[in-house]
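Report on the structure given below.
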Amino acid sequence: MRFSKLFGKTLRQAPAEAESVSHQLLVRAGMIAQEAAGIYSYLPLGWRVLRKIENIIREEMDKAGGQELMLPILQPFELWQQSGRHGSFGKSLFTLTDRKEHTLALGPTHEEVITDLVHRYVQSYRELPLLLYQIQVKLRDEPRPRGGLLRVREFIMKDLYSFDADEAGLDESYRKMCQAYNNIYSRLGLPTLMVEADSGAIGGKESHEFMVLTEDGEDEVIYCSNCGYAANVEKAQFAKAVILSEAKNLLPLQEIATPETETIEQVASFVGVPTSQTLKAVFYFADGEFVFVVIRGDLDVNETKLRNVLKCSELRLATEGEVSGAGLVAGFASPIGVKGLKVVADDSITLGSNFVVGANKPGYHLRNANFPRDFQVDIMADIALARAGAGCLKCGAELASARGIEVGHVFKLGTFISEKFGAYFLDSEGKSRPIVMGCYGIGLGRLLAAIVEQSHDDKGVIWPLSVAPYHVYLCPLQLDKPAILPTAEKIYQQLQKEGIEVLYDDRDESPGVKFNDVDLLGIPLRLTLSPRTLQGQSIEAKWRTEKKARLLPLDNLAAEVKQLLSG
RNA sequence: CGGGGUGUAGCGCAGUGGCUAGCGCGCAUGGUUUGGGACCAUGAGGUCGGUGGUUCAAAUCCACUCACCCCGACCA
């Protein structure tokens with residue numbers, strides 16, 4: 001490719017709205033351009049990178065036994081009613097109305113379509129297992145697109161769906177996919193961490209995410225460097241310390257005046273106990289129902305866990321008005337004596353005794369509250385948020401925290417979707433059983449952005465060879481000097497003839513401009529031809545990742561370059 | 001949806017009521033340059049996000065509205 005003909009120019013300054021490193025660099029390099037919030041065009045260079053990522057993914061999916069197909073983006077809304085997931089996807093589901101006033105959804109994912117498809121074709125266990133995948137555009141009306149390509153509303157995603165006869169088959173498909181994912185990340189030069197995850201709106205049981213650890217990641221990962229336990233904070237479990245009160249026995253309830261103590265910290269220090277000796281009350285609205293949540297004072301509520309135990313789709317904190325409307329006194333609320341409200345407790349309230357709780361009247365708390373002596377709960381579960389410093393549930397070592405970009409997510413779906421769509425098969429004994437499903441997604445654009453986030457310097461992007469838009473940047477200097485241009489042209493032809501991907505900078509620009517552009521674009525190997533090098537019948541070769549250059553003889557250059565690229 | 005911010009040339013920005021809206025980069029033409037974002041000259045490029053209002057006069061003041069960004073909520 002001749003640089004002079006390339007569509008998309010490099011920019012010295014990134015647009016003001018670009019905040020994340022990958023967003024800035026990709027825009028400055030002329031690889032992507034924003035059209036609207038969370039909607040981007042890929043320019044030729046960016047598209048080349050994306051297609052390379054796509055091909056690597058495709059190769060690994062095929063190697064794992066996947067079969068590629070193409071599914072519709074326009075989907076009958078009825079499919080979503082049939083699966084019941086229109087509720088869990090909620091407003092993220094784009095919908096439109098056709099001329100016959102029929103509602104269609106723009107596919108945010110394709111479990112519905114593929115299960116509906118598979119149920120019409122698969123009738124026997126002999127046809128299983130089946131691994132089907134697609135690489136195509138998905139649309140989600142995200143509440144807040146952000147970070148350039150990191151979170152968008154229109155994106156290209158590889159999604160593979162596995163169909164197995166039983167749980168053991170699913171386990172095998174799941175294992176294969178995890179292996180394929182690790183192959184993909186390794187070919188992309190992207191270190192990832194596999195973490196336990198919540199399955200969210202997709203649904204299902206076991207689920208893992210693949211995280212690229214970086215400070216600007218939007219997810220938080222809790223991990224144990226001793227035993228290797230790692231989980232998204234949404235899912236992370238931890239060992240809750242057992243708190244022993246000074247008194248060994250359960251003491252009688254005692255009301256105490258606690259003026260102007262609204263927060264747990266104020267209450268604890270006023271009464272003279274640690275926060276772990278108190279109980280905290282938090283109020284939510286879950287699908288329109290008021291919920292009273294109680295948790296030990298030193299812990300916080302994990303809203304994802306709470307959502308899961310409540311099996312609700314919409315969850316938010318209750319407003320002050322709703323709290324007082326429920327007959328509660330904010331800041332002094334108490335689980336003791338509540339009537340007619342759903343009470344959810346974290347199991348930490350059983351790991352201690354003689355707690356301080358609100359008295360449900362302003363300015364007063366109660367000492368020595370004990371469960372279940374003094375109050376009852378409707379649901380007791382782990383709904384606590386893990387934090388760095390807590391103990392690992394598996395080995396007891398101290399947990400740590402890091403931020404990450406989610407570049408892959410795999411789910412064991414089970415049979416809930418196949419049952420809804422009547423995707424049953426006959427097993428070897430002639431018995432009808434639902435197909436056991438899994439799904440495995442990778443966002444290509446996010447992957448591209450994650451590579452940049454994780455591989456760049458102050459000059460620009462540093463592409464790994466496997467996805468670089470071009471492998472070689474051919475850079476003649478002083479084009480008006482004798483023999484420079486003809487020699488460069490000849491080299492360009494030779495390299496192309498040998499199948500080397502070369503970006504030929506035929507522009508009449510100063511050396512500084514060219515060098516800065518190639519660094520920004522992140523092309524791995526730079527070949528510089530100047531009167532100086534030409535005098536010795538040589539050309540200078542320099543890797544993007546290295547400071548030092550070396551001279552290569554001009555004759556047999558293509559072979560030399562090939563050697564360098566393969567080595 | 002709550003909080004904060006920004007909309008002036010392709011990009012970055014200046015311009016707090018005054019008549020012809022500027023600067024840098026980029027772009028075009030000519031010339032001089034050439035190993036890390038050269039220089040000179042000339043030039044093209046603007047419904048100042050939109051609508052309505054106040055005023056003799058609005059990029060500038062007021063109201064409404066739209067778009068985009070950040071934090072939170074939410075979300076693979």
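So you can find residues: chains in the structure tokens are A, B, ... in the order shown, residues in each start at 1, and ligands are numbered from 1 in order.
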
Distance table requested - chain B against chain A, cut-off 6 Å, only C-alpha atoms (C1' of nucleotides): one row per qualifying residue with the closest atom pair and its distance in Å to one decimal, ordered by chain and rising residue number, as a Markdown table.
| residue | atom | partner | partner_atom | distance |
| --- | --- | --- | --- | --- |
| B:U34 | C1' | A:Ser510 | CA | 5.5 |
| B:G36 | C1' | A:Gly512 | CA | 4.2 |
| B:G37 | C1' | A:Val513 | CA | 4.9 |
| B:C69 | C1' | A:Glu17 | CA | 5.2 |

(request) Would you mind listing what lies within 10 Å of Gly422 (chain A) as an MDAnalysis selection string, with only C-alpha atoms (C1' of nucleotides) counted and same-chain residues fewer than 3 positions away left out? (result) chainID A and resid 115:116 118:120 417:419 425 433:435

Generate a file of the selected residues that holds C-alpha atoms, formatted as a PDB file, in the first residue's frame.
ATOM      1  CA  THR A 115     -31.814 -22.425  19.412  1.00  0.00           C
ATOM      2  CA  ASP A 116     -34.907 -21.918  17.299  1.00  0.00           C
ATOM      3  CA  VAL A 118     -31.172 -25.953  15.927  1.00  0.00           C
ATOM      4  CA  HIS A 119     -34.438 -27.357  17.259  1.00  0.00           C
ATOM      5  CA  ARG A 120     -35.697 -27.701  13.696  1.00  0.00           C
ATOM      6  CA  ILE A 417     -33.280 -21.895  26.609  1.00  0.00           C
ATOM      7  CA  SER A 418     -33.538 -25.225  24.789  1.00  0.00           C
ATOM      8  CA  GLU A 419     -36.577 -26.092  26.902  1.00  0.00           C
ATOM      9  CA  PHE A 425     -33.434 -34.798  21.133  1.00  0.00           C
ATOM     10  CA  ARG A 433     -34.196 -34.755  26.555  1.00  0.00           C
ATOM     11  CA  PRO A 434     -33.426 -31.041  26.254  1.00  0.00           C
ATOM     12  CA  ILE A 435     -30.159 -30.107  24.588  1.00  0.00           C
TER      13      ILE A 435
END

(request) Mind checking which residues fall within 12 Å of C23 (chain B), counting only C-alpha atoms (C1' of nucleotides), ignoring those fewer than 5 positions away in the same chain, and posting them as a ChimeraX atom specification? (result) /B:9,12-15

Write out, as a PDB file, in the first residue's frame, the residues just selected, with N, CA and C atoms (P, O5', C5', C4', C3', O3' and C1' of nucleotides).
ATOM      1  P     A B   9     -15.676  25.068  14.155  1.00  0.00           P
ATOM      2  O5'   A B   9     -15.240  25.617  12.722  1.00  0.00           O
ATOM      3  C5'   A B   9     -16.030  25.329  11.589  1.00  0.00           C
ATOM      4  C4'   A B   9     -15.134  24.953  10.436  1.00  0.00           C
ATOM      5  C3'   A B   9     -14.104  23.886  10.780  1.00  0.00           C
ATOM      6  O3'   A B   9     -13.861  23.070   9.640  1.00  0.00           O
ATOM      7  C1'   A B   9     -12.998  25.838  10.089  1.00  0.00           C
ATOM      8  P     G B  12     -11.095  18.437  18.412  1.00  0.00           P
ATOM      9  O5'   G B  12      -9.830  19.250  18.937  1.00  0.00           O
ATOM     10  C5'   G B  12      -8.745  18.567  19.551  1.00  0.00           C
ATOM     11  C4'   G B  12      -7.671  19.546  19.921  1.00  0.00           C
ATOM     12  C3'   G B  12      -8.142  20.741  20.730  1.00  0.00           C
ATOM     13  O3'   G B  12      -8.262  20.419  22.095  1.00  0.00           O
ATOM     14  C1'   G B  12      -6.781  21.492  18.964  1.00  0.00           C
ATOM     15  P     C B  13      -9.340  21.172  22.992  1.00  0.00           P
ATOM     16  O5'   C B  13      -9.242  22.666  22.474  1.00  0.00           O
ATOM     17  C5'   C B  13      -9.346  23.740  23.373  1.00  0.00           C
ATOM     18  C4'   C B  13      -8.516  24.898  22.878  1.00  0.00           C
ATOM     19  C3'   C B  13      -9.144  26.276  23.078  1.00  0.00           C
ATOM     20  O3'   C B  13      -8.982  26.729  24.410  1.00  0.00           O
ATOM     21  C1'   C B  13      -8.226  26.139  20.908  1.00  0.00           C
ATOM     22  P     A B  14     -10.132  27.605  25.073  1.00  0.00           P
ATOM     23  O5'   A B  14      -9.940  29.005  24.327  1.00  0.00           O
ATOM     24  C5'   A B  14      -8.795  29.782  24.647  1.00  0.00           C
ATOM     25  C4'   A B  14      -8.680  31.025  23.814  1.00  0.00           C
ATOM     26  C3'   A B  14      -9.756  32.090  23.924  1.00  0.00           C
ATOM     27  O3'   A B  14      -9.738  32.770  25.166  1.00  0.00           O
ATOM     28  C1'   A B  14      -8.965  31.951  21.716  1.00  0.00           C
ATOM     29  P     G B  15     -11.108  33.118  25.891  1.00  0.00           P
ATOM     30  O5'   G B  15     -11.782  34.124  24.859  1.00  0.00           O
ATOM     31  C5'   G B  15     -11.266  35.441  24.711  1.00  0.00           C
ATOM     32  C4'   G B  15     -11.862  36.091  23.484  1.00  0.00           C
ATOM     33  C3'   G B  15     -13.360  36.376  23.529  1.00  0.00           C
ATOM     34  O3'   G B  15     -13.651  37.590  24.205  1.00  0.00           O
ATOM     35  C1'   G B  15     -12.817  35.337  21.466  1.00  0.00           C
TER      36        G B  15
END

(request) Find the residues near Lys235 (chain A): any atom within 6 Å, counting only C-alpha atoms (C1' of nucleotides), skip ones fewer than 2 places away on the same chain, and give them as a list in words. (result)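 Final neighbour list, sorted by chain and number: Ala197, Asp198, Asn232 and Val233 of chain A.
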
(request) Apply DSSP to the backbone of this structure and, from region 401-559 of chain A, keep only the residues in strand (DSSP E); write these as a VMD selection string. (result) chain A and resid 401 to 414 424 to 426 432 to 434 436 to 443 456 to 457 460 to 461 472 to 476 502 to 504 525 to 529 538 to 543 549 to 553

(request) Give me every alpha helix (DSSP H) residue in region 196-427 of chain A, going by DSSP on the backbone, as number ranges by chain. (result) A: 264-271, 303-310, 320-325, 416-420

(request) Could you please determine the separation between C1' of C25 (chain B) and C1' of U42 (chain B) in Å, to one decimal place? (result)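 Taking C1' of C25 (chain B) and C1' of U42 (chain B), their separation equals 18.4 Å.
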
(request) Figure out the distance between CA of Gly107 (chain A) and CA of Lys63 (chain A), please, to one decimal in Å. (result)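 For CA of Lys63 (chain A) relative to CA of Gly107 (chain A), the distance reads 26.7 Å.
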
(request) Tell me which protein, DNA and RNA residues are within 10 Å of Leu448 (chain A), counting only C-alpha atoms (C1' of nucleotides), leaving out same-chain ones fewer than 3 positions away, and put them as a PyMOL selection string. (result) chain A and resi 22+26+46+49-50+53+149-150+188+407+443-445+451-453+463+467

Can you write out the residues you just picked, keeping C-alpha atoms, as a short mmCIF file (atom, residue, chain, number, x, y, z; two decimals), in the first residue's frame?
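again24.cif written:
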data_model
loop_
_atom_site.label_atom_id
_atom_site.label_comp_id
_atom_site.auth_asym_id
_atom_site.auth_seq_id
_atom_site.Cartn_x
_atom_site.Cartn_y
_atom_site.Cartn_z
CA SER A 22 -6.74 3.26 23.05
CA LEU A 26 -6.74 4.67 17.37
CA GLY A 46 -8.16 -0.31 11.63
CA VAL A 49 -6.30 -5.13 12.16
CA LEU A 50 -9.85 -6.14 12.95
CA ILE A 53 -8.11 -10.58 14.78
CA LEU A 149 -14.11 0.94 21.33
CA LEU A 150 -14.20 -0.46 24.87
CA LEU A 188 -2.69 -11.80 20.04
CA VAL A 407 -12.29 -9.57 26.52
CA GLY A 443 -16.00 -8.73 21.27
CA LEU A 444 -13.57 -8.05 18.43
CA GLY A 445 -13.44 -4.28 18.72
CA ILE A 451 -4.39 -4.75 22.71
CA VAL A 452 -3.71 -1.04 22.33
CA GLU A 453 -4.39 -0.31 26.01
CA TRP A 463 1.07 -3.98 17.34
CA VAL A 467 -2.41 -8.33 13.94
#

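Near Phe163 (chain A), within 8 Å and counting only C-alpha atoms (C1' of nucleotides), sit Leu128, Pro129, Leu130, Leu131, Leu170, Ile435, Val436, Met437 and Gly438 of chain A, not including residues fewer than 3 positions from it in the same chain.
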
(message) Calculated over only C-alpha atoms (C1' of nucleotides), which of the candidates B:G49, B:C70, B:A76, B:C19 has the smallest distance to G4 (chain B)?
(response)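 Of B:G49, B:C70, B:A76, B:C19, the one nearest G4 (chain B), counting only C-alpha atoms (C1' of nucleotides), is B:C70.
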